[in-house]
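Dumped entry-v4.pdb below, it's PDB, C-alpha atoms, pLDDT in the B column:
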ATOM      1  CA  MET A1034      23.254 -49.608  41.279  1.00 44.00           C
ATOM      2  CA  PRO A1035      26.770 -48.165  40.958  1.00 51.00           C
ATOM      3  CA  ASP A1036      27.050 -48.793  37.183  1.00 64.00           C
ATOM      4  CA  PHE A1037      23.649 -47.395  36.286  1.00 63.00           C
ATOM      5  CA  ALA A1038      24.577 -43.716  36.089  1.00 64.00           C
ATOM      6  CA  PRO A1039      27.735 -44.279  33.987  1.00 70.00           C
ATOM      7  CA  ALA A1040      25.737 -46.451  31.585  1.00 67.00           C
ATOM      8  CA  LEU A1041      23.447 -43.478  30.989  1.00 64.00           C
ATOM      9  CA  GLN A1042      26.412 -41.097  30.809  1.00 67.00           C
ATOM     10  CA  ILE A1043      25.235 -39.279  33.925  1.00 66.00           C
ATOM     11  CA  GLY A1044      28.030 -37.736  35.936  1.00 66.00           C
ATOM     12  CA  THR A1045      28.576 -38.527  39.608  1.00 64.00           C
ATOM     13  CA  THR A1046      27.514 -35.000  40.565  1.00 65.00           C
ATOM     14  CA  GLU A1047      24.224 -35.201  38.685  1.00 64.00           C
ATOM     15  CA  PRO A1048      21.007 -36.374  40.440  1.00 62.00           C
ATOM     16  CA  LEU A1049      19.481 -39.719  39.514  1.00 68.00           C
ATOM     17  CA  ILE A1050      16.060 -41.027  40.588  1.00 70.00           C
ATOM     18  CA  ILE A1051      15.154 -44.688  40.201  1.00 73.00           C
ATOM     19  CA  ASP A1052      11.492 -45.542  40.712  1.00 73.00           C
ATOM     20  CA  ASN A1053       8.910 -48.109  39.648  1.00 85.00           C
ATOM     21  CA  ASP A1054       6.536 -47.788  36.723  1.00 89.00           C
ATOM     22  CA  VAL A1055       3.419 -47.352  38.860  1.00 93.00           C
ATOM     23  CA  ASN A1056       4.914 -44.369  40.684  1.00 92.00           C
ATOM     24  CA  TRP A1057       5.872 -42.780  37.367  1.00 92.00           C
ATOM     25  CA  ALA A1058       2.325 -43.348  36.092  1.00 94.00           C
ATOM     26  CA  THR A1059       1.037 -41.659  39.246  1.00 95.00           C
ATOM     27  CA  ILE A1060       3.257 -38.648  38.539  1.00 94.00           C
ATOM     28  CA  ALA A1061       1.891 -38.461  34.995  1.00 94.00           C
ATOM     29  CA  GLU A1062      -1.671 -38.658  36.285  1.00 96.00           C
ATOM     30  CA  SER A1063      -0.999 -35.780  38.680  1.00 95.00           C
ATOM     31  CA  ARG A1064       0.498 -33.547  35.989  1.00 93.00           C
ATOM     32  CA  THR A1065      -1.337 -34.245  32.723  1.00 93.00           C
ATOM     33  CA  GLY A1066      -4.067 -36.772  33.567  1.00 92.00           C
ATOM     34  CA  SER A1067      -7.424 -36.689  35.293  1.00 92.00           C
ATOM     35  CA  MET A1068      -5.882 -35.824  38.683  1.00 95.00           C
ATOM     36  CA  ALA A1069      -4.123 -32.621  37.595  1.00 92.00           C
ATOM     37  CA  ASN A1070      -6.002 -30.543  40.174  1.00 87.00           C
ATOM     38  CA  ALA A1071      -6.044 -33.112  42.988  1.00 94.00           C
ATOM     39  CA  ASP A1072      -3.836 -32.886  46.076  1.00 96.00           C
ATOM     40  CA  ASN A1073      -4.788 -36.386  47.202  1.00 97.00           C
ATOM     41  CA  PHE A1074      -5.614 -39.486  45.183  1.00 97.00           C
ATOM     42  CA  LEU A1075      -4.900 -43.183  44.898  1.00 97.00           C
ATOM     43  CA  TYR A1076      -3.671 -44.483  41.527  1.00 97.00           C
ATOM     44  CA  VAL A1077      -4.337 -48.194  40.993  1.00 96.00           C
ATOM     45  CA  TYR A1078      -2.529 -50.126  38.255  1.00 94.00           C
ATOM     46  CA  LEU A1079      -4.097 -53.276  36.828  1.00 93.00           C
ATOM     47  CA  GLY A1080      -2.058 -55.297  34.371  1.00 85.00           C
ATOM     48  CA  ALA A1081       0.893 -57.593  33.871  1.00 73.00           C
ATOM     49  CA  GLY A1082       4.248 -57.672  35.645  1.00 68.00           C
ATOM     50  CA  ALA A1083       3.484 -57.254  39.322  1.00 64.00           C
ATOM     51  CA  GLY A1084      -0.167 -57.528  38.285  1.00 81.00           C
ATOM     52  CA  VAL A1085      -1.549 -54.978  40.727  1.00 92.00           C
ATOM     53  CA  GLY A1086       0.095 -51.891  42.150  1.00 93.00           C
ATOM     54  CA  ALA A1087      -0.746 -48.469  43.515  1.00 95.00           C
ATOM     55  CA  GLY A1088       0.691 -45.012  43.735  1.00 95.00           C
ATOM     56  CA  LEU A1089      -0.141 -42.812  46.735  1.00 97.00           C
ATOM     57  CA  PHE A1090      -0.373 -39.114  45.936  1.00 97.00           C
ATOM     58  CA  LEU A1091      -0.882 -37.346  49.253  1.00 96.00           C
ATOM     59  CA  SER A1092      -0.763 -33.670  50.258  1.00 95.00           C
ATOM     60  CA  GLY A1093       0.356 -32.624  46.801  1.00 95.00           C
ATOM     61  CA  GLY A1094       3.160 -35.118  46.291  1.00 94.00           C
ATOM     62  CA  LEU A1095       4.020 -38.749  45.652  1.00 94.00           C
ATOM     63  CA  HIS A1096       4.333 -40.748  48.869  1.00 95.00           C
ATOM     64  CA  ARG A1097       6.986 -43.465  48.546  1.00 92.00           C
ATOM     65  CA  GLY A1098       7.214 -44.467  52.212  1.00 91.00           C
ATOM     66  CA  ALA A1099      10.279 -44.872  54.440  1.00 91.00           C
ATOM     67  CA  GLY A1100      11.733 -47.647  52.306  1.00 88.00           C
ATOM     68  CA  GLY A1101      10.127 -46.892  48.957  1.00 87.00           C
ATOM     69  CA  THR A1102       7.550 -49.685  49.097  1.00 90.00           C
ATOM     70  CA  ALA A1103       4.422 -47.637  49.769  1.00 92.00           C
ATOM     71  CA  GLY A1104       1.608 -48.672  47.433  1.00 92.00           C
ATOM     72  CA  GLU A1105       2.583 -52.332  47.020  1.00 93.00           C
ATOM     73  CA  ILE A1106      -1.011 -53.451  47.441  1.00 94.00           C
ATOM     74  CA  ALA A1107      -0.349 -56.767  45.691  1.00 93.00           C
ATOM     75  CA  PHE A1108       1.272 -57.921  48.933  1.00 93.00           C
ATOM     76  CA  LEU A1109      -1.603 -57.005  51.234  1.00 94.00           C
ATOM     77  CA  ARG A1110      -3.005 -60.034  53.080  1.00 92.00           C
ATOM     78  CA  MET A1111      -6.474 -61.340  52.431  1.00 90.00           C
ATOM     79  CA  SER A1112      -8.640 -62.860  55.161  1.00 86.00           C
ATOM     80  CA  SER A1113      -7.263 -66.287  54.203  1.00 88.00           C
ATOM     81  CA  GLY A1114      -3.722 -65.142  54.976  1.00 90.00           C
ATOM     82  CA  GLU A1115      -2.513 -65.234  51.368  1.00 92.00           C
ATOM     83  CA  THR A1116      -1.515 -62.074  49.510  1.00 94.00           C
ATOM     84  CA  LEU A1117      -3.733 -60.478  46.890  1.00 94.00           C
ATOM     85  CA  MET A1118      -1.156 -61.337  44.206  1.00 92.00           C
ATOM     86  CA  SER A1119      -1.067 -64.961  45.277  1.00 93.00           C
ATOM     87  CA  ARG A1120      -4.863 -65.095  45.174  1.00 92.00           C
ATOM     88  CA  LEU A1121      -4.978 -63.572  41.685  1.00 93.00           C
ATOM     89  CA  GLY A1122      -2.003 -65.566  40.443  1.00 92.00           C
ATOM     90  CA  HIS A1123      -3.733 -68.827  41.319  1.00 92.00           C
ATOM     91  CA  SER A1124      -7.108 -67.700  39.978  1.00 92.00           C
ATOM     92  CA  PRO A1125      -8.384 -68.327  36.424  1.00 92.00           C
ATOM     93  CA  ILE A1126      -6.572 -65.145  35.264  1.00 92.00           C
ATOM     94  CA  GLY A1127      -3.192 -66.113  36.738  1.00 92.00           C
ATOM     95  CA  THR A1128      -0.032 -67.025  34.876  1.00 91.00           C
ATOM     96  CA  PRO A1129       1.027 -70.713  34.784  1.00 91.00           C
ATOM     97  CA  ASP A1130       3.583 -70.124  37.559  1.00 90.00           C
ATOM     98  CA  GLY A1131       0.944 -68.437  39.731  1.00 88.00           C
ATOM     99  CA  ARG A1132       3.026 -65.296  40.206  1.00 88.00           C
ATOM    100  CA  SER A1133       1.198 -62.693  38.125  1.00 89.00           C
ATOM    101  CA  ILE A1134      -1.782 -61.906  35.891  1.00 92.00           C
ATOM    102  CA  ASP A1135      -2.037 -63.294  32.360  1.00 92.00           C
ATOM    103  CA  LEU A1136      -3.565 -60.447  30.350  1.00 91.00           C
ATOM    104  CA  ASP A1137      -4.962 -62.703  27.628  1.00 91.00           C
ATOM    105  CA  ARG A1138      -6.645 -64.985  30.162  1.00 90.00           C
ATOM    106  CA  ALA A1139      -7.946 -61.960  32.075  1.00 90.00           C
ATOM    107  CA  ARG A1140      -9.464 -60.441  28.945  1.00 88.00           C
ATOM    108  CA  ALA A1141     -11.033 -63.743  27.916  1.00 87.00           C
ATOM    109  CA  LEU A1142     -12.638 -64.226  31.326  1.00 87.00           C
ATOM    110  CA  LEU A1143     -13.597 -60.664  32.156  1.00 83.00           C
ATOM    111  CA  ASP A1144     -14.668 -59.386  28.752  1.00 77.00           C
ATOM    112  CA  SER A1145     -18.036 -61.101  28.928  1.00 70.00           C
ATOM    113  CA  GLU A1146     -21.047 -59.331  30.403  1.00 67.00           C
ATOM    114  CA  ALA A1147     -22.585 -62.648  31.460  1.00 63.00           C
ATOM    115  CA  PRO A1148     -22.655 -63.261  35.252  1.00 62.00           C
ATOM    116  CA  ASP A1149     -19.762 -65.428  36.316  1.00 79.00           C
ATOM    117  CA  HIS A1150     -18.748 -66.494  39.831  1.00 88.00           C
ATOM    118  CA  ALA A1151     -15.004 -66.503  39.084  1.00 88.00           C
ATOM    119  CA  SER A1152     -15.106 -62.982  37.623  1.00 90.00           C
ATOM    120  CA  ASP A1153     -17.140 -61.676  40.527  1.00 91.00           C
ATOM    121  CA  ALA A1154     -14.716 -63.220  43.031  1.00 92.00           C
ATOM    122  CA  ILE A1155     -11.746 -61.536  41.320  1.00 92.00           C
ATOM    123  CA  LEU A1156     -13.468 -58.136  41.279  1.00 93.00           C
ATOM    124  CA  ASP A1157     -14.518 -58.611  44.907  1.00 94.00           C
ATOM    125  CA  ASP A1158     -10.897 -59.293  45.938  1.00 94.00           C
ATOM    126  CA  LEU A1159      -9.595 -56.258  44.062  1.00 95.00           C
ATOM    127  CA  ALA A1160     -12.283 -53.945  45.407  1.00 95.00           C
ATOM    128  CA  HIS A1161     -11.841 -55.264  48.963  1.00 94.00           C
ATOM    129  CA  THR A1162      -8.120 -54.453  48.862  1.00 95.00           C
ATOM    130  CA  ILE A1163      -8.605 -51.006  47.332  1.00 96.00           C
ATOM    131  CA  VAL A1164     -11.299 -50.097  49.861  1.00 96.00           C
ATOM    132  CA  ASN A1165      -9.019 -51.114  52.737  1.00 95.00           C
ATOM    133  CA  VAL A1166      -6.328 -48.765  51.424  1.00 95.00           C
ATOM    134  CA  THR A1167      -8.804 -45.906  51.015  1.00 95.00           C
ATOM    135  CA  THR A1168      -9.997 -46.444  54.578  1.00 95.00           C
ATOM    136  CA  ALA A1169      -6.419 -46.010  55.816  1.00 94.00           C
ATOM    137  CA  ILE A1170      -5.462 -42.936  53.767  1.00 94.00           C
ATOM    138  CA  GLU A1171      -8.837 -41.427  52.688  1.00 95.00           C
ATOM    139  CA  PRO A1172      -7.624 -40.084  49.314  1.00 95.00           C
ATOM    140  CA  GLY A1173     -11.074 -38.893  48.230  1.00 95.00           C
ATOM    141  CA  ARG A1174     -10.364 -39.866  44.640  1.00 96.00           C
ATOM    142  CA  ILE A1175      -9.224 -43.087  42.958  1.00 97.00           C
ATOM    143  CA  VAL A1176      -7.970 -43.360  39.393  1.00 96.00           C
ATOM    144  CA  ILE A1177      -7.599 -46.770  37.759  1.00 95.00           C
ATOM    145  CA  GLY A1178      -5.032 -47.338  35.012  1.00 94.00           C
ATOM    146  CA  GLY A1179      -3.037 -50.086  33.353  1.00 91.00           C
ATOM    147  CA  PRO A1180      -3.966 -52.481  30.521  1.00 91.00           C
ATOM    148  CA  LEU A1181      -6.968 -53.998  32.289  1.00 91.00           C
ATOM    149  CA  SER A1182      -8.504 -50.573  32.937  1.00 90.00           C
ATOM    150  CA  GLU A1183      -9.492 -50.598  29.253  1.00 88.00           C
ATOM    151  CA  MET A1184     -12.165 -53.224  29.993  1.00 88.00           C
ATOM    152  CA  ALA A1185     -15.565 -51.833  31.011  1.00 86.00           C
ATOM    153  CA  ARG A1186     -16.501 -55.006  32.921  1.00 86.00           C
ATOM    154  CA  ILE A1187     -13.552 -54.464  35.247  1.00 89.00           C
ATOM    155  CA  THR A1188     -13.731 -50.704  35.658  1.00 89.00           C
ATOM    156  CA  GLU A1189     -17.480 -50.503  36.167  1.00 92.00           C
ATOM    157  CA  GLY A1190     -17.467 -53.535  38.446  1.00 92.00           C
ATOM    158  CA  LEU A1191     -14.741 -52.008  40.600  1.00 94.00           C
ATOM    159  CA  ARG A1192     -16.362 -48.578  40.609  1.00 94.00           C
ATOM    160  CA  ARG A1193     -19.645 -49.976  41.872  1.00 95.00           C
ATOM    161  CA  ARG A1194     -18.058 -52.152  44.540  1.00 96.00           C
ATOM    162  CA  ILE A1195     -15.726 -49.427  45.800  1.00 96.00           C
ATOM    163  CA  GLU A1196     -18.345 -46.684  45.948  1.00 93.00           C
ATOM    164  CA  ASP A1197     -20.834 -49.032  47.643  1.00 94.00           C
ATOM    165  CA  THR A1198     -18.468 -50.210  50.386  1.00 94.00           C
ATOM    166  CA  ALA A1199     -16.019 -47.352  51.040  1.00 94.00           C
ATOM    167  CA  LEU A1200     -16.253 -45.770  54.491  1.00 92.00           C
ATOM    168  CA  THR A1201     -16.429 -42.253  53.058  1.00 91.00           C
ATOM    169  CA  ASP A1202     -17.445 -40.820  49.699  1.00 92.00           C
ATOM    170  CA  VAL A1203     -14.849 -41.590  47.048  1.00 94.00           C
ATOM    171  CA  GLN A1204     -14.814 -40.699  43.373  1.00 94.00           C
ATOM    172  CA  VAL A1205     -13.575 -43.466  41.065  1.00 95.00           C
ATOM    173  CA  THR A1206     -12.383 -42.515  37.563  1.00 93.00           C
ATOM    174  CA  MET A1207     -10.436 -44.201  34.777  1.00 94.00           C
ATOM    175  CA  SER A1208      -7.065 -42.899  33.628  1.00 94.00           C
ATOM    176  CA  PRO A1209      -7.121 -41.166  30.225  1.00 93.00           C
ATOM    177  CA  LEU A1210      -3.377 -41.673  29.706  1.00 92.00           C
ATOM    178  CA  GLY A1211      -3.348 -45.261  28.460  1.00 85.00           C
ATOM    179  CA  ARG A1212      -0.383 -47.631  28.556  1.00 83.00           C
ATOM    180  CA  THR A1213       2.238 -44.921  28.059  1.00 87.00           C
ATOM    181  CA  ALA A1214       1.548 -43.333  31.463  1.00 90.00           C
ATOM    182  CA  PRO A1215       4.760 -44.687  33.096  1.00 89.00           C
ATOM    183  CA  LEU A1216       6.896 -43.333  30.241  1.00 89.00           C
ATOM    184  CA  GLU A1217       5.145 -39.974  30.384  1.00 90.00           C
ATOM    185  CA  GLY A1218       5.691 -39.829  34.134  1.00 89.00           C
ATOM    186  CA  ALA A1219       9.395 -40.660  33.823  1.00 88.00           C
ATOM    187  CA  ALA A1220       9.816 -37.946  31.178  1.00 89.00           C
ATOM    188  CA  ILE A1221       8.025 -35.426  33.379  1.00 88.00           C
ATOM    189  CA  GLY A1222      10.132 -36.471  36.371  1.00 83.00           C
ATOM    190  CA  ALA A1223      13.358 -36.055  34.395  1.00 81.00           C
ATOM    191  CA  LEU A1224      12.358 -32.592  33.205  1.00 84.00           C
ATOM    192  CA  GLU A1225      11.329 -31.439  36.681  1.00 79.00           C
ATOM    193  CA  LEU A1226      14.526 -32.854  38.178  1.00 78.00           C
ATOM    194  CA  ALA A1227      16.635 -31.049  35.572  1.00 76.00           C
ATOM    195  CA  HIS A1228      14.884 -27.752  36.243  1.00 76.00           C
ATOM    196  CA  HIS A1229      15.300 -28.152  39.998  1.00 73.00           C
ATOM    197  CA  HIS A1230      18.972 -29.079  39.693  1.00 68.00           C
ATOM    198  CA  ARG A1231      19.721 -26.184  37.354  1.00 72.00           C
ATOM    199  CA  ALA A1232      17.918 -23.737  39.644  1.00 74.00           C
ATOM    200  CA  ASN A1233      20.045 -24.891  42.599  1.00 72.00           C
ATOM    201  CA  THR A1234      23.397 -25.308  40.872  1.00 70.00           C
ATOM    202  CA  GLY A1235      23.258 -23.290  37.660  1.00 63.00           C
ATOM    203  CA  SER A1236      24.055 -26.472  35.727  1.00 55.00           C
ATOM    204  CA  THR A1237      22.790 -26.827  32.173  1.00 50.00           C
ATOM    205  CA  VAL A1238      23.408 -30.563  31.991  1.00 45.00           C
ATOM    206  CA  ALA A1239      20.224 -32.606  31.412  1.00 46.00           C
ATOM    207  CA  ASP A1240      19.460 -34.885  34.348  1.00 46.00           C
ATOM    208  CA  ALA A1241      17.636 -38.199  34.263  1.00 48.00           C
ATOM    209  CA  ALA A1242      14.858 -40.070  35.987  1.00 52.00           C
ATOM    210  CA  VAL A1243      14.420 -43.789  35.447  1.00 51.00           C
TER
END

Representation of the structure as structure tokens:
Amino acid sequence: MPDFAPALQIGTTEPLIIDNDVNWATIAESRTGSMANADNFLYVYLGAGAGVGAGLFLSGGLHRGAGGTAGEIAFLRMSSGETLMSRLGHSPIGTPDGRSIDLDRARALLDSEAPDHASDAILDDLAHTIVNVTTAIEPGRIVIGGPLSEMARITEGLRRRIEDTALTDVQVTMSPLGRTAPLEGAAIGALELAHHHRANTGSTVADAAV
């Protein structure tokens, strides 16, 4: 993005980090949220946009992967061969185009405590995917955030399914940061980047993270 830095009035010698909202929320969770003392955890985002995402915080730092796509659990394949996002997008909580989650439809379906096959199937798919990731990386702790984490039916249903089926003991908690977690994480990232840059260069210019 060659025009991005000039648009923000960031000089060519100043550092610039571009990341996704779920990674920034993971940073916030590791600094000011429920995972402040954790070296390893999995942050799971449930909401609109991409619908489902994850941040991997491993060995004391955010793990982005070789190409920056680590944590894109929406694209993991189900046993049917379709991706998790495709399955959710074409479920009763999907958007009309089948590409994401409709928050209003999700709340309407999942806000009821009455047993419902469609709701159970959605929670089963989410828990199945999350458990597969925990089996691969064994984070020990999982924190769930995003708009849909505000619904007890979802969070408690996922907690029970994950803890019952995970290969090893895993603690599942809900994020206390709310919907502003990505913004908080970006602000924290910008401040830490500025401090690091100033310590290495002596610069007093504020740096940015996006």

Contacts of Arg1212 in chain A at 8 Å (all atoms listed in the file; same-chain gap of 2+ positions) as a list in words: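 Everything that qualifies: Gly1178, Gly1179, Pro1180, Leu1210, Ala1214 and Pro1215 of chain A.
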
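Using only C-alpha atoms for every distance, the candidate list A:Ala1169, A:Ile1106, A:Ala1185, A:Leu1121 yields A:Ala1185 as the residue closest to Leu1143 in chain A.
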
Which one of A:Ala1232, A:Ile1187, A:Leu1109, A:Leu1216 sits closest to Val1164 in chain A if you count all atoms listed in the file?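 Smallest distance to Val1164 in chain A is found for A:Leu1109.
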
May I have the protein, DNA and RNA residues with any atom at most 12 Å from the point (-14.9, -57.3, 53.5), counting all atoms listed in the file, written as an NGL selection string? :A and (1111-1113 or 1157-1165 or 1168 or 1194-1195 or 1197-1200)

Using Å and a single decimal, report how far CA of Glu1189 in chain A sits from CA of Leu1156 in chain A.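 These atoms are spaced 10.0 Å apart.
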
Measuring between all atoms listed in the file, which one of A:Val1166, A:Ala1099, A:Ala1107, A:Ile1221 shows the shortest distance to Arg1132 in chain A?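 Among the listed residues, the smallest separation from Arg1132 in chain A belongs to A:Ala1107.
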
Evaluate the PyMOL selection byres ((chain A and resi 1122-1128) around 9) on the structure here and hand back the selected residues as a ChimeraX atom specification. /A:1084,1117-1121,1129-1143,1151-1152,1155

Contacts of range 1058-1094 of chain A with range 1050-1053 of chain A up to 10 Å, shortest pair per row, all atoms listed in the file, as a Markdown table:
| residue | atom | partner | partner_atom | distance |
| --- | --- | --- | --- | --- |
| A:Ala1058 | CA | A:Asn1053 | CA | 8.9 |
| A:Gly1086 | CA | A:Asn1053 | CA | 9.9 |
| A:Gly1088 | CA | A:Asn1053 | CA | 9.7 |

Selection to disk with C-alpha atoms, as a short mmCIF file (atom, residue, chain, number, x, y, z; two decimals), in the coordinates of the input:
data_model
loop_
_atom_site.label_atom_id
_atom_site.label_comp_id
_atom_site.auth_asym_id
_atom_site.auth_seq_id
_atom_site.Cartn_x
_atom_site.Cartn_y
_atom_site.Cartn_z
CA ALA A 1058 2.33 -43.35 36.09
CA GLY A 1086 0.10 -51.89 42.15
CA GLY A 1088 0.69 -45.01 43.74
#

Measure the distance from CA of Gly1101 in chain A to CA of Tyr1078 in chain A in Å and round it to one decimal. 16.9 Å

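The two atoms in question, CA of Met1068 in chain A and CA of Asp1144 in chain A, are spaced 27.0 Å apart.
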
List the spatial neighbours of Leu1075 in chain A as number ranges by chain - criterion: any atom at most 7 Å away, all atoms listed in the file, same-chain residues fewer than 2 positions off excluded. A: 1077, 1087-1090, 1172, 1174-1176

With C-alpha atoms kept, could you save the residues just selected as an mmCIF file, in the frame of the given file?
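The resulting file, selection.cif, is reproduced below:
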data_model
loop_
_atom_site.group_PDB
_atom_site.id
_atom_site.type_symbol
_atom_site.label_atom_id
_atom_site.label_comp_id
_atom_site.auth_asym_id
_atom_site.auth_seq_id
_atom_site.Cartn_x
_atom_site.Cartn_y
_atom_site.Cartn_z
ATOM 1 C CA VAL A 1077 -4.337 -48.194 40.993
ATOM 2 C CA ALA A 1087 -0.746 -48.469 43.515
ATOM 3 C CA GLY A 1088 0.691 -45.012 43.735
ATOM 4 C CA LEU A 1089 -0.141 -42.812 46.735
ATOM 5 C CA PHE A 1090 -0.373 -39.114 45.936
ATOM 6 C CA PRO A 1172 -7.624 -40.084 49.314
ATOM 7 C CA ARG A 1174 -10.364 -39.866 44.640
ATOM 8 C CA ILE A 1175 -9.224 -43.087 42.958
ATOM 9 C CA VAL A 1176 -7.970 -43.360 39.393
#
